[in-house]
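> The following block contains the structure, expressed as structure tokens.
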Amino acid sequence: MKTIAATTTILAVTTAVVSVTALSAPAAPIILPGEVDTTAAFATSTFPISPPDLINRAKQILGPEIGIGTQDSGACLATDFEFVAAVVGPIGREEYLDALGGFKLEESFDIEQNTFGFTVDPLQPNRVWWYGRQVSTQIAPFMGVEPAADTEELTLPPQSFHMDFTEEGLVKEFGFYTVDRRQGNTGGLGGAFGYFYGVGKPLPIRECQPYKPSFRFRMLGLIGSIGKKFSKGKE
């Protein structure tokens, strides 16, 4: 009996070790039907800047020395540069620089950008994508609002950013979009709109307010719900 018990214990331990090893061992990548073969896509690309170099260029332009054109007088921006977001733009180079010069968020907020996931688009090899989850603390007046001792941190929703480049490494387009409006505490608003809302000074336009379904959209949902109830009743 002792021999059987010992053998059973050894088998259990061996099975556990094998299971742990299987979980920790690197698995072969799973390729989905329709998934882009990035290696093949980049191999046929005619864009002269390699993906690693393009990502480094994007990070350089995002850095404090350049600040997406705000610290180098727009030298990093192409002449036909455009800024575009969910409800803003496209706006041209000069208008973009003038708009950012009008209010400087960095002077009123201590901003942690929390960027991650930098990647080059295999189907548009001059574009770099990345995500950001900004968390900010107000440190100076903004829109006439003074920072308070108990000021709550502003947590913006996750945002997807992109930057398009010319073959010379100049920025041709920059933009971002909220990807999960249910996260954060700025009403699902990203960019400058999130800061306006966060300090209690949202701009008096619909686009600067938290998302609210229109009356027609709500009515369509109501009609759909009523239709489902009638269908169930007939069954």
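Here, A, B, ... name the chains of the structure tokens in the order displayed, residue numbers run from 1 inside each chain, and ligands are numbered from 1 in the same displayed order.
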For A:Leu203, please output as a PDB file with N, CA, C and O atoms, in the first residue's frame all residues within 12 Å (counting only C-alpha atoms; exclusion window: fewer than 6 positions along the same chain).

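And here is the file that came out, around_20.pdb:
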ATOM      1  N   MET A 143      -8.703  77.902 -17.038  1.00  0.00           N
ATOM      2  CA  MET A 143     -10.049  78.371 -17.384  1.00  0.00           C
ATOM      3  C   MET A 143     -10.689  79.125 -16.215  1.00  0.00           C
ATOM      4  O   MET A 143     -11.891  79.032 -15.972  1.00  0.00           O
ATOM      5  N   LEU A 189     -14.658  62.165 -22.243  1.00  0.00           N
ATOM      6  CA  LEU A 189     -14.041  63.122 -23.164  1.00  0.00           C
ATOM      7  C   LEU A 189     -12.523  63.041 -23.078  1.00  0.00           C
ATOM      8  O   LEU A 189     -11.950  62.959 -21.991  1.00  0.00           O
ATOM      9  N   ALA A 192      -8.210  68.123 -24.956  1.00  0.00           N
ATOM     10  CA  ALA A 192      -8.473  69.329 -24.172  1.00  0.00           C
ATOM     11  C   ALA A 192      -9.897  69.349 -23.627  1.00  0.00           C
ATOM     12  O   ALA A 192     -10.140  69.876 -22.529  1.00  0.00           O
ATOM     13  N   PHE A 193     -10.836  68.755 -24.372  1.00  0.00           N
ATOM     14  CA  PHE A 193     -12.228  68.725 -23.906  1.00  0.00           C
ATOM     15  C   PHE A 193     -12.341  68.035 -22.552  1.00  0.00           C
ATOM     16  O   PHE A 193     -13.154  68.407 -21.710  1.00  0.00           O
ATOM     17  N   GLY A 194     -11.518  67.001 -22.336  1.00  0.00           N
ATOM     18  CA  GLY A 194     -11.537  66.292 -21.064  1.00  0.00           C
ATOM     19  C   GLY A 194     -11.103  67.177 -19.916  1.00  0.00           C
ATOM     20  O   GLY A 194     -11.629  67.085 -18.798  1.00  0.00           O
ATOM     21  N   TYR A 195     -10.145  68.066 -20.181  1.00  0.00           N
ATOM     22  CA  TYR A 195      -9.667  68.981 -19.137  1.00  0.00           C
ATOM     23  C   TYR A 195     -10.701  70.065 -18.842  1.00  0.00           C
ATOM     24  O   TYR A 195     -10.909  70.433 -17.684  1.00  0.00           O
ATOM     25  N   PHE A 196     -11.340  70.585 -19.887  1.00  0.00           N
ATOM     26  CA  PHE A 196     -12.406  71.577 -19.668  1.00  0.00           C
ATOM     27  C   PHE A 196     -13.505  70.980 -18.784  1.00  0.00           C
ATOM     28  O   PHE A 196     -13.952  71.601 -17.817  1.00  0.00           O
ATOM     29  N   TYR A 197     -13.927  69.768 -19.131  1.00  0.00           N
ATOM     30  CA  TYR A 197     -14.986  69.108 -18.365  1.00  0.00           C
ATOM     31  C   TYR A 197     -14.504  68.783 -16.955  1.00  0.00           C
ATOM     32  O   TYR A 197     -15.245  68.935 -15.981  1.00  0.00           O
ATOM     33  N   GLN A 209     -19.633  67.739 -24.375  1.00  0.00           N
ATOM     34  CA  GLN A 209     -20.407  67.174 -23.284  1.00  0.00           C
ATOM     35  C   GLN A 209     -20.279  65.654 -23.313  1.00  0.00           C
ATOM     36  O   GLN A 209     -19.995  65.066 -24.364  1.00  0.00           O
ATOM     37  N   PRO A 210     -20.482  64.973 -22.193  1.00  0.00           N
ATOM     38  CA  PRO A 210     -20.486  63.506 -22.212  1.00  0.00           C
ATOM     39  C   PRO A 210     -21.515  62.987 -23.207  1.00  0.00           C
ATOM     40  O   PRO A 210     -22.553  63.627 -23.441  1.00  0.00           O
TER      41      PRO A 210
END
> Could you pull out the residues in stretch 81-178 of chain A that DSSP calls helix (DSSP H, G or I) from the backbone, as a PyMOL selection string?
chain A and resi 93-102+105-108
> Quick one: everything within 7 Å of A:Phe116, counting only C-alpha atoms, minus sequence neighbours fewer than 4 positions away in the same chain. Send it as a list in words.
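Here the qualifying residues turn out to be Trp130, Tyr131 and Gly132 of chain A.
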> Mind checking which residues fall within 7 Å of A:Glu153, counting only C-alpha atoms, ignoring those fewer than 2 positions away in the same chain, and posting them as a PyMOL selection string?
chain A and resi 135-137+151+155
> Write out as number ranges by chain which residues come within 8 Å of A:Phe174 when counting only C-alpha atoms, dropping same-chain ones fewer than 2 positions away.
A: 82-84, 161-164, 171-172, 176
> So which one's closest to A:Gln60, A:Glu167, A:Glu146, A:Asp72, A:Asp80? Using only C-alpha atoms, please.
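Answer, going by the shortest atom-to-atom distance: A:Asp72.
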> I'd like the interatomic distance between atom CA of A:Asp98 and atom CA of A:Ala58, to a tenth of an Å.
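Going from atom CA of A:Asp98 over to atom CA of A:Ala58, I get 21.7 Å.
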> Between A:Ser73, A:Glu173, A:Asp110, A:Pro122, which residue has the minimum interatomic distance to A:Gly92, considering only C-alpha atoms?
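Result for the nearest residue to A:Gly92: A:Glu173.
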> Under the rule that only C-alpha atoms are counted, which of A:Leu170, A:Ile49, A:Thr186, A:Val199 is the nearest residue to A:Gly69?
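Among the listed residues, A:Leu170 lies closest to A:Gly69.
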> If you measure from atom CA of A:Thr115 to atom CA of A:Arg133, what distance in Å do you get, rounded to one decimal?
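That distance, rounded to one decimal, is 6.6 Å.
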